[in-house]
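Q: I am sharing structure20.cif, which consists of mmCIF, C-alpha atoms:
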data_target
#
loop_
_atom_site.label_atom_id
_atom_site.label_comp_id
_atom_site.auth_asym_id
_atom_site.auth_seq_id
_atom_site.Cartn_x
_atom_site.Cartn_y
_atom_site.Cartn_z
CA MET U 759 22.61 2.86 -12.07
CA GLU U 760 21.29 0.10 -14.26
CA GLN U 761 17.63 -0.08 -15.20
CA PRO U 762 15.88 -3.19 -13.99
CA ARG U 763 14.90 -5.74 -16.59
CA THR U 764 11.54 -4.78 -18.02
CA ASP U 765 10.52 -8.32 -19.01
CA GLU U 766 10.74 -9.46 -15.40
CA ASP U 767 8.69 -6.44 -14.33
CA GLN U 768 6.10 -7.15 -17.01
CA GLN U 769 5.60 -10.66 -15.70
CA LEU U 770 5.24 -9.46 -12.15
CA VAL U 771 2.78 -6.77 -13.21
CA ALA U 772 0.72 -9.27 -15.20
CA ARG U 773 0.58 -11.63 -12.25
CA THR U 774 -0.41 -8.78 -9.95
CA GLN U 775 -3.19 -7.79 -12.31
CA ASP U 776 -4.39 -11.39 -12.22
CA GLY U 777 -4.78 -11.10 -8.47
CA ASN U 778 -1.44 -12.43 -7.27
CA ALA U 779 -0.58 -10.14 -4.38
CA GLY U 780 2.72 -11.92 -3.88
CA ALA U 781 3.87 -10.70 -7.26
CA PHE U 782 3.31 -7.12 -6.16
CA ASP U 783 5.27 -7.85 -3.01
CA GLN U 784 8.21 -8.76 -5.21
CA LEU U 785 7.91 -5.43 -7.00
CA VAL U 786 7.84 -3.65 -3.65
CA VAL U 787 10.99 -5.40 -2.48
CA LYS U 788 12.68 -4.69 -5.79
CA TYR U 789 11.90 -0.99 -6.02
CA THR U 790 11.95 0.12 -2.40
CA PRO U 791 15.69 0.88 -2.22
CA ARG U 792 15.66 2.82 -5.43
CA LEU U 793 12.55 4.81 -4.69
CA TYR U 794 13.79 5.46 -1.17
CA GLY U 795 16.84 7.17 -2.61
CA LEU U 796 14.72 9.26 -4.94
CA VAL U 797 12.23 10.43 -2.31
CA TYR U 798 14.81 10.87 0.46
CA ASN U 799 17.01 13.13 -1.63
CA MET U 800 14.01 15.21 -2.61
CA THR U 801 12.77 15.59 0.99
CA SER U 802 15.97 15.24 3.08
CA ASN U 803 13.81 13.73 5.78
CA HIS U 804 13.81 10.02 6.65
CA GLU U 805 10.38 9.99 8.36
CA ASP U 806 8.66 11.81 5.53
CA THR U 807 10.34 9.45 3.09
CA ASN U 808 9.00 6.42 4.92
CA ASP U 809 5.44 7.72 4.92
CA LEU U 810 5.63 8.76 1.30
CA LEU U 811 6.97 5.37 0.22
CA GLN U 812 4.05 3.63 1.89
CA ASP U 813 1.62 5.93 0.11
CA ILE U 814 3.40 5.51 -3.21
CA PHE U 815 3.19 1.74 -3.18
CA SER U 816 -0.36 1.86 -1.88
CA LYS U 817 -1.36 4.06 -4.78
CA ALA U 818 0.54 1.91 -7.23
CA TYR U 819 -1.26 -1.21 -6.00
CA LYS U 820 -4.66 0.42 -6.30
CA SER U 821 -3.87 1.74 -9.78
CA ILE U 822 -2.05 -1.22 -11.24
CA ARG U 823 -5.09 -2.65 -12.96
CA GLY U 824 -5.15 0.49 -15.07
CA PHE U 825 -1.51 0.09 -16.06
CA ARG U 826 -1.54 -0.72 -19.77
CA GLY U 827 2.21 -1.09 -20.32
CA LYS U 828 2.59 1.94 -22.58
CA SER U 829 5.63 2.78 -20.51
CA SER U 830 7.80 0.49 -18.45
CA PHE U 831 6.79 -0.23 -14.89
CA TYR U 832 10.03 1.44 -13.88
CA THR U 833 8.95 4.73 -15.50
CA TRP U 834 5.40 4.38 -14.21
CA ILE U 835 6.31 3.86 -10.56
CA HIS U 836 8.91 6.61 -10.69
CA SER U 837 6.31 9.00 -12.11
CA ILE U 838 4.00 8.19 -9.23
CA ALA U 839 6.83 8.66 -6.75
CA VAL U 840 7.98 12.00 -8.15
CA ASN U 841 4.47 13.42 -8.48
CA MET U 842 3.42 12.39 -4.99
CA THR U 843 6.65 13.76 -3.53
CA LEU U 844 6.28 17.07 -5.35
CA ASN U 845 2.69 17.36 -4.09
CA PHE U 846 3.87 16.62 -0.59
CA LEU U 847 6.64 19.20 -0.80
CA LYS U 848 4.19 21.85 -2.01
CA LYS U 849 1.98 21.19 0.99
CA ARG U 850 4.95 21.08 3.36
CA GLY U 851 6.25 24.40 2.09
CA ARG U 852 9.12 25.83 4.07
CA ARG U 853 8.08 24.06 7.26
CA PHE U 854 10.58 21.24 7.35
CA HIS U 855 13.59 20.01 9.15
CA LEU U 856 16.41 17.87 7.93
CA SER U 857 16.35 14.28 9.10
CA LEU U 858 19.37 12.83 7.41
CA ASP U 859 20.38 9.22 7.15
CA ASP U 860 23.81 8.17 8.19
CA VAL U 861 26.45 7.76 5.55
CA ASP U 862 27.26 4.13 5.00
CA ALA U 863 30.81 3.17 5.88
CA SER U 864 31.35 1.65 2.46
CA ILE U 865 31.78 5.15 1.11
CA GLN U 866 35.39 4.87 2.19
CA ASN U 867 35.91 2.41 -0.63
CA ASP U 868 34.17 4.46 -3.27
CA LYS U 869 36.45 5.44 -6.08
CA GLU U 870 34.93 8.85 -6.53
CA PHE U 871 35.04 9.53 -2.82
CA LEU U 872 38.73 8.74 -2.80
CA GLU U 873 39.29 11.00 -5.80
CA VAL U 874 37.38 13.83 -4.23
CA THR U 875 39.21 13.60 -0.94
CA GLN U 876 42.65 13.00 -2.35
CA THR U 877 42.79 15.55 -5.12
CA SER U 878 43.44 19.18 -4.58
CA SER U 879 39.87 20.22 -4.03
CA PRO U 880 37.87 22.21 -1.49
CA VAL U 881 36.61 19.09 0.15
CA ARG U 882 39.98 17.48 0.66
CA GLU U 883 40.15 18.43 4.29
CA ALA U 884 36.45 18.61 4.95
CA ASP U 885 34.70 16.58 7.56
CA LEU U 886 32.31 14.16 5.91
CA SER U 887 29.33 15.06 8.05
CA GLU U 888 29.90 18.76 7.38
CA LEU U 889 30.03 18.04 3.68
CA GLN U 890 26.80 16.08 3.93
CA ARG U 891 25.13 18.90 5.76
CA ARG U 892 26.27 21.57 3.30
CA LEU U 893 25.21 19.52 0.33
CA ASN U 894 21.76 18.88 1.73
CA GLU U 895 21.30 22.51 2.65
CA ALA U 896 22.28 23.49 -0.85
CA MET U 897 19.88 20.94 -2.30
CA MET U 898 17.01 22.23 -0.18
CA LYS U 899 17.61 25.74 -1.47
CA LEU U 900 16.73 24.57 -4.95
CA SER U 901 13.12 24.59 -6.06
CA ASP U 902 11.31 21.25 -5.77
CA GLU U 903 11.33 20.71 -9.53
CA HIS U 904 15.05 21.48 -9.85
CA ARG U 905 15.88 19.26 -6.91
CA ALA U 906 13.94 16.42 -8.53
CA VAL U 907 15.99 16.70 -11.71
CA VAL U 908 19.28 16.90 -9.81
CA THR U 909 18.31 13.87 -7.74
CA MET U 910 17.37 11.77 -10.74
CA PHE U 911 20.37 12.75 -12.86
CA HIS U 912 23.29 13.05 -10.45
CA ILE U 913 22.24 10.78 -7.59
CA GLN U 914 20.08 8.16 -9.30
CA GLY U 915 22.10 8.23 -12.50
CA MET U 916 19.15 8.39 -14.87
CA PRO U 917 19.67 9.56 -18.43
CA HIS U 918 17.97 12.72 -19.69
CA ALA U 919 15.53 10.70 -21.81
CA GLU U 920 14.26 8.70 -18.86
CA ILE U 921 13.88 11.80 -16.71
CA SER U 922 11.86 13.49 -19.44
CA LYS U 923 9.47 10.51 -19.57
CA ILE U 924 9.05 10.47 -15.81
CA LEU U 925 8.40 14.20 -15.56
CA ASN U 926 6.48 14.29 -18.82
CA VAL U 927 8.56 17.18 -20.13
CA SER U 928 10.92 17.50 -23.07
CA GLU U 929 14.57 16.53 -22.84
CA GLY U 930 15.45 20.17 -23.49
CA THR U 931 13.54 21.16 -20.37
CA VAL U 932 15.41 18.53 -18.37
CA ARG U 933 18.77 19.81 -19.61
CA SER U 934 17.95 23.45 -18.91
CA ARG U 935 16.73 22.65 -15.40
CA LEU U 936 19.93 20.70 -14.75
CA PHE U 937 22.07 23.53 -16.00
CA TYR U 938 20.29 26.06 -13.80
CA ALA U 939 20.40 23.75 -10.75
CA ASN U 940 24.12 23.12 -11.17
CA ARG U 941 24.74 26.85 -11.27
CA GLN U 942 22.72 27.32 -8.13
CA LEU U 943 24.59 24.57 -6.33
CA GLN U 944 27.92 26.04 -7.37
CA ASN U 945 26.92 29.38 -5.89
CA TYR U 946 25.64 27.83 -2.66
CA LEU U 947 28.72 25.69 -2.24
CA ASP U 948 31.05 28.56 -2.99
CA GLU U 949 30.78 29.53 0.66
CA PHE U 950 31.87 26.04 1.54
CA ARG U 951 34.86 26.47 -0.72
CA LYS U 952 35.85 29.57 1.15
CA ASN U 953 35.35 27.89 4.52
CA PRO U 954 35.86 24.18 3.90
CA VAL U 955 36.77 23.13 7.45
CA THR U 956 34.61 23.85 10.49
CA MET C 967 41.83 27.77 -8.25
CA ASP C 968 39.70 25.51 -6.21
CA GLU C 969 36.09 25.87 -7.03
CA PHE C 970 33.19 23.63 -7.70
CA ASP C 971 32.53 22.83 -11.31
CA ASN C 972 29.80 20.63 -12.73
CA ASN C 973 31.93 17.52 -12.50
CA GLU C 974 32.80 18.19 -8.89
CA ILE C 975 29.18 18.84 -8.03
CA GLY C 976 28.18 15.65 -9.80
CA ARG C 977 30.73 13.64 -7.87
CA LEU C 978 29.67 15.09 -4.56
CA LEU C 979 26.03 14.45 -5.28
CA ARG C 980 26.69 10.86 -6.33
CA LEU C 981 28.23 10.27 -2.92
CA LYS C 982 24.80 10.92 -1.44
CA ARG C 983 23.91 7.41 -2.55
CA TYR C 984 25.71 6.26 0.55
CA GLU C 985 23.20 7.96 2.80
CA GLN C 986 21.21 4.93 3.85
CA PRO C 987 18.34 4.29 6.26
CA PRO C 988 18.95 2.37 9.49
CA PRO C 989 19.88 -1.32 9.21
CA GLY C 990 16.94 -3.58 8.63
CA TYR C 991 14.76 -0.84 7.21
CA PHE C 992 14.33 -2.36 3.79
CA GLU C 993 13.83 -5.84 5.21
CA ASN C 994 10.99 -4.61 7.42
CA PHE C 995 9.42 -2.33 4.84
CA LEU C 996 7.22 -4.98 3.22
CA HIS C 997 5.90 -6.09 6.60
CA GLU C 998 5.07 -2.50 7.48
CA PHE C 999 3.40 -2.05 4.08
CA HIS C 1000 1.12 -5.05 4.70
CA ARG C 1001 0.27 -3.80 8.16
CA ARG C 1002 -0.76 -0.39 6.86
CA GLN C 1003 -2.82 -1.98 4.08
CA ARG C 1004 -4.71 -4.03 6.65
CA ASP C 1005 -5.29 -1.00 8.87
CA GLU C 1006 -6.55 1.01 5.92
CA LEU C 1007 -8.89 -1.79 4.92
CA LEU C 1008 -10.34 -2.12 8.41
CA ARG C 1009 -11.00 1.60 8.56
CA GLN C 1010 -13.32 1.36 5.57
CA PRO C 1011 -17.06 0.85 6.07
CA LEU C 1012 -18.32 -2.66 5.50
CA TRP C 1013 -20.34 -1.78 2.44
CA LYS C 1014 -17.29 -0.34 0.75
CA ILE C 1015 -15.23 -3.45 1.45
CA ALA C 1016 -18.03 -5.62 0.04
CA LEU C 1017 -18.26 -3.39 -3.01
CA GLY C 1018 -14.54 -3.59 -3.58
CA ARG C 1019 -14.53 -7.36 -3.27
CA ALA C 1020 -17.44 -7.63 -5.68
CA GLN C 1021 -15.57 -5.48 -8.17
CA GLU C 1022 -12.42 -7.56 -7.83
CA PHE C 1023 -14.44 -10.70 -8.36
CA MET C 1024 -15.98 -9.31 -11.51
CA MET C 1025 -12.59 -8.19 -12.78
CA SER C 1026 -11.18 -11.63 -12.14
CA LEU C 1027 -13.79 -13.06 -14.47
CA ASN C 1028 -12.33 -10.93 -17.25
CA VAL C 1029 -15.54 -9.05 -17.69
CA ALA C 1030 -13.99 -5.64 -17.32
CA ARG C 1031 -16.68 -3.98 -19.39
CA ILE C 1032 -19.49 -4.92 -17.07
CA ALA C 1033 -17.41 -4.65 -13.89
CA SER C 1034 -18.83 -1.27 -13.18
CA TYR C 1035 -20.20 0.20 -10.02
CA PRO C 1036 -23.89 -0.46 -10.88
CA VAL C 1037 -23.18 -4.11 -11.54
CA ALA C 1038 -21.10 -4.46 -8.38
CA VAL C 1039 -23.78 -2.75 -6.31
CA THR C 1040 -26.44 -5.01 -7.83
CA ALA C 1041 -24.34 -8.06 -7.05
CA VAL C 1042 -23.91 -6.99 -3.45
CA LEU C 1043 -27.63 -6.29 -3.06
CA LEU C 1044 -28.50 -9.64 -4.60
CA CYS C 1045 -26.17 -11.43 -2.20
CA ALA C 1046 -27.69 -9.56 0.70
CA ALA C 1047 -31.18 -10.44 -0.49
CA VAL C 1048 -30.32 -14.13 -0.84
CA ILE C 1049 -28.76 -14.22 2.60
CA SER C 1050 -31.76 -12.46 4.11
CA LEU C 1051 -34.13 -14.88 2.41
CA LYS C 1052 -32.24 -17.87 3.72
CA VAL C 1053 -32.25 -16.46 7.22
CA TYR C 1054 -35.98 -15.88 6.94
CA GLN C 1055 -36.61 -19.36 5.61
CA THR C 1056 -34.65 -21.11 8.34
CA THR C 1057 -37.40 -20.23 10.80
CA PRO C 1058 -39.25 -23.55 11.16
CA ALA C 1059 -42.58 -23.90 9.35
CA PRO C 1060 -45.75 -23.98 11.42
CA ASN C 1061 -46.74 -27.33 9.80
CA VAL C 1062 -45.13 -29.36 12.53
CA ALA C 1063 -47.12 -27.67 15.25
CA ARG C 1064 -50.28 -27.81 13.20
CA LEU C 1065 -50.14 -31.46 12.21
CA SER C 1066 -48.83 -32.86 15.43
CA PRO C 1067 -51.06 -31.94 18.28
CA ALA C 1068 -49.08 -30.58 21.08
CA VAL C 1069 -49.65 -29.06 24.42
CA PRO C 1070 -48.87 -25.60 25.67
CA VAL C 1071 -46.02 -25.24 28.07
CA GLN C 1072 -48.29 -24.80 31.06
CA GLN C 1073 -50.04 -28.10 30.52
CA ALA C 1074 -46.80 -29.90 29.89
CA ALA C 1075 -45.43 -28.62 33.12
CA THR C 1076 -48.35 -30.05 35.05
CA GLU C 1077 -47.70 -33.45 33.56
CA GLY C 1078 -44.62 -33.73 35.59
CA GLY C 1079 -41.58 -32.37 33.82
CA TRP C 1080 -40.55 -33.37 30.34
CA SER C 1081 -37.17 -33.14 28.83
CA LEU C 1082 -35.89 -33.88 25.39
CA ALA C 1083 -33.28 -36.20 26.83
CA SER C 1084 -35.84 -38.52 28.31
CA PRO C 1085 -38.77 -39.42 26.10
CA VAL C 1086 -41.99 -39.40 28.10
CA SER C 1087 -44.57 -41.97 27.36
CA THR C 1088 -47.72 -39.95 27.56
CA ARG C 1089 -50.21 -39.21 24.87
CA ILE C 1090 -51.42 -35.72 25.07
CA THR C 1091 -54.53 -34.47 23.45
CA VAL C 1092 -54.96 -31.09 22.02
CA SER C 1093 -57.10 -28.75 23.96
CA GLN C 1094 -56.08 -25.51 22.30
CA PRO C 1095 -57.08 -24.08 18.94
CA ARG C 1096 -54.56 -24.60 16.14
CA THR C 1097 -53.88 -20.97 15.69
CA HIS C 1098 -52.86 -20.76 19.28
CA LEU C 1099 -50.54 -23.70 18.89
CA SER C 1100 -48.31 -21.95 16.40
CA THR C 1101 -47.47 -19.22 18.87
CA HIS C 1102 -46.31 -21.75 21.41
CA ARG C 1103 -44.39 -23.80 18.90
CA THR C 1104 -40.97 -23.15 20.38
CA ALA C 1105 -42.13 -23.91 23.90
CA THR C 1106 -43.97 -27.09 23.02
CA PRO C 1107 -42.07 -30.26 23.70
CA PRO C 1108 -42.22 -33.10 21.19
CA ARG C 1109 -44.99 -35.61 21.57
CA TYR C 1110 -44.20 -39.10 22.71
CA VAL C 1111 -46.54 -42.03 22.68
CA LEU C 1112 -46.84 -44.81 25.16
CA ASP C 1113 -48.65 -47.02 22.68
CA SER C 1114 -47.04 -50.03 21.19
CA MET C 1115 -46.82 -48.29 17.83
CA PRO C 1116 -43.55 -46.31 17.61
CA VAL C 1117 -43.78 -42.60 17.12
CA SER C 1118 -42.11 -42.72 13.75
CA TYR C 1119 -44.98 -44.80 12.33
CA GLU C 1120 -47.58 -42.18 13.04
CA SER C 1121 -48.70 -40.75 9.76
CA SER C 1122 -49.68 -37.48 11.29
CA LEU C 1123 -46.16 -36.64 12.28
CA ARG C 1124 -44.21 -34.39 9.98
CA PHE C 1125 -40.64 -33.34 10.46
#
Please re-express this file's structure in structure tokens.
A:
Amino acid sequence: MEQPRTDEDQQLVARTQDGNAGAFDQLVVKYTPRLYGLVYNMTSNHEDTNDLLQDIFSKAYKSIRGFRGKSSFYTWIHSIAVNMTLNFLKKRGRRFHLSLDDVDASIQNDKEFLEVTQTSSPVREADLSELQRRLNEAMMKLSDEHRAVVTMFHIQGMPHAEISKILNVSEGTVRSRLFYANRQLQNYLDEFRKNPVT
Amino acid sequence: MDEFDNNEIGRLLRLKRYEQPPPGYFENFLHEFHRRQRDELLRQPLWKIALGRAQEFMMSLNVARIASYPVAVTAVLLCAAVISLKVYQTTPAPNVARLSPAVPVQQAATEGGWSLASPVSTRITVSQPRTHLSTHRTATPPRYVLDSMPVSYESSLRF
């Protein structure tokens, strides 16, 4: 995924800091889809995602006067989103239920989807909803921190450097967490490989 | 041998991008955000809202250094004091009642019914002490004069 232009964000932030609430509205509209994907894939629950997104933007609006531009707005808002989601997940603990969004029909045209379903792979014959369920179950078995890294790298397409800034850890830590998470997912999905069709 | 490797896992996970919220969700999100902001604001006590507004005003003047809580609180208290003073001062001064002899309500009633809409041409003399007049100021009707000289020319009248 491409990173939004920082100069446009800087102008919107400056205008927001000057008291232009409409400028912040533009930032909300711009970042809602992206942050939704981040939070949803960390929580696997649409309702929790909606509440968290409201809180994230509310906090961002209240804190924006203190934003000095040392990092990009992109990094800043993602840091807020990840930290608030991790705090929420710690409080939620194991008491959760999956509330998954529907898969958009445009997936049928996705090149990678076609490759995955057409090549000789465990998922070739799998039902899409079953695949979605297994994947989300496997994701929820990861720790919150590992799931965050997997979400940002594989799903959001962020580079290691950007993830390290958002999480405020070294790139080496990001890479090791990714390696461990991938291993875990392979193990969890191994059962799916053995029983691909339900 | 079919098994998941890192590339396969990556591809499967990238497909999760297609898990989307219901149609119209993103279009309605901003509206919902505004609604929640308003609800949150209304839940706050009035003094906190006033304090926040005072702070925002100070920040907008680019005086971030002095836009601190003590300054904001002082500003709010000053505003409240000014408003209170104005409210106190809008109560009419007793000079009108003192300088323009007027009659208590009871005596006016015996004269046969006055109303502000219809000026009554009767000169009324004061029969009450001045101190007593001030307490009946609100109930005392204006004085009207039957004499040829118009009321407005009377030097004793003060409005």
Q: Which polymer residues have any atom within 12 Å of an atom of U:Leu847, counting only C-alpha atoms, with same-chain residues fewer than 6 positions away left out, as a PyMOL selection string?
A: chain U and resi 797-798+800-803+806-807+810+840-841+853-854+898+901-903+905-906
Q: List the spatial neighbours of U:Asn799 as a PyMOL selection string - criterion: any atom at most 10 Å away, all atoms listed in the file, same-chain residues fewer than 6 positions off excluded.
A: (chain U and resi 793+807+858+894+897-898+905-906+908-910+913-914) or (chain C and resi 979+982-983+985)
Q: Kindly assemble as a tab-separated table a list of the chain U residues that lie within 6 Å of chain C, each paired with its nearest atom pair and their distance in Å to one decimal, using all atoms listed in the file, sorted first by chain and then by ascending residue number.
A:
residue	atom	partner	partner_atom	distance
U:Asp859	CA	C:Glu985	CA	5.3
U:Asp860	CA	C:Glu985	CA	5.4
U:Val861	CA	C:Glu985	CA	4.3
U:Asp862	CA	C:Tyr984	CA	5.2
U:Ser879	CA	C:Asp968	CA	5.7
U:His912	CA	C:Gly976	CA	5.6
U:Ile913	CA	C:Arg980	CA	4.6
U:Gln944	CA	C:Phe970	CA	5.8
Q: Translate the PyMOL selection byres ((chain C and resi 1039) around 10) into a concrete residue list for this structure, as an MDAnalysis selection string.
A: chainID C and resid 1013:1014 1016:1018 1020:1021 1034:1038 1040:1045
Q: Report the distance between atom CA of U:Val927 and atom CA of U:Gly915 in Å, rounded to one decimal place.
A: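 Result for atom CA of U:Val927 versus atom CA of U:Gly915: 17.9 Å, one decimal.
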Q: For the atom pair atom CA of U:Lys848 and atom CA of U:Ala919, what is the interatomic distance in Å to one decimal place?
A: 25.4 Å
Q: How many Å separate atom CA of U:Ile921 from atom CA of U:Tyr789?
A: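 Separation between atom CA of U:Ile921 and atom CA of U:Tyr789: 16.8 Å.
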Q: Residues around (9.1, -4.2, -16.1), cut-off 10 Å, counting all atoms listed in the file - what are they as a JSON list (two decimals) with C-alpha atoms, in the frame of the given file?
A:
[["chain", "number", "residue", "atom", "x", "y", "z"],
["U", 761, "GLN", "CA", 17.63, -0.08, -15.20],
["U", 762, "PRO", "CA", 15.88, -3.19, -13.99],
["U", 763, "ARG", "CA", 14.90, -5.74, -16.59],
["U", 764, "THR", "CA", 11.54, -4.78, -18.02],
["U", 765, "ASP", "CA", 10.52, -8.32, -19.01],
["U", 766, "GLU", "CA", 10.74, -9.46, -15.40],
["U", 767, "ASP", "CA", 8.69, -6.44, -14.33],
["U", 768, "GLN", "CA", 6.10, -7.15, -17.01],
["U", 769, "GLN", "CA", 5.60, -10.66, -15.70],
["U", 770, "LEU", "CA", 5.24, -9.46, -12.15],
["U", 771, "VAL", "CA", 2.78, -6.77, -13.21],
["U", 772, "ALA", "CA", 0.72, -9.27, -15.20],
["U", 785, "LEU", "CA", 7.91, -5.43, -7.00],
["U", 827, "GLY", "CA", 2.21, -1.09, -20.32],
["U", 829, "SER", "CA", 5.63, 2.78, -20.51],
["U", 830, "SER", "CA", 7.80, 0.49, -18.45],
["U", 831, "PHE", "CA", 6.79, -0.23, -14.89],
["U", 832, "TYR", "CA", 10.03, 1.44, -13.88],
["U", 833, "THR", "CA", 8.95, 4.73, -15.50],
["U", 834, "TRP", "CA", 5.40, 4.38, -14.21]]
Q: Which polymer residues have any atom within 6 Å of an atom of U:Arg823, counting all atoms listed in the file, with same-chain residues fewer than 2 positions away left out, as a PDB file with C-alpha atoms, in the coordinates of the input?
A:
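Saved to result.pdb:
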ATOM      1  CA  GLN U 775      -3.190  -7.790 -12.310  1.00  0.00           C
ATOM      2  CA  SER U 821      -3.870   1.740  -9.780  1.00  0.00           C
ATOM      3  CA  PHE U 825      -1.510   0.090 -16.060  1.00  0.00           C
TER       4      PHE U 825
END
Q: Give, as AutoDock Vina command-line options, the centre coordinates and the x, y and z edge lengths in Å to one decimal for an axis-aligned box around all listed atoms of stretch 773-791 of chain U, padded by 8 Å on each side.
A:
--center_x 5.5 --center_y -5.8 --center_z -7.3 --size_x 36.5 --size_y 29.3 --size_z 26.1
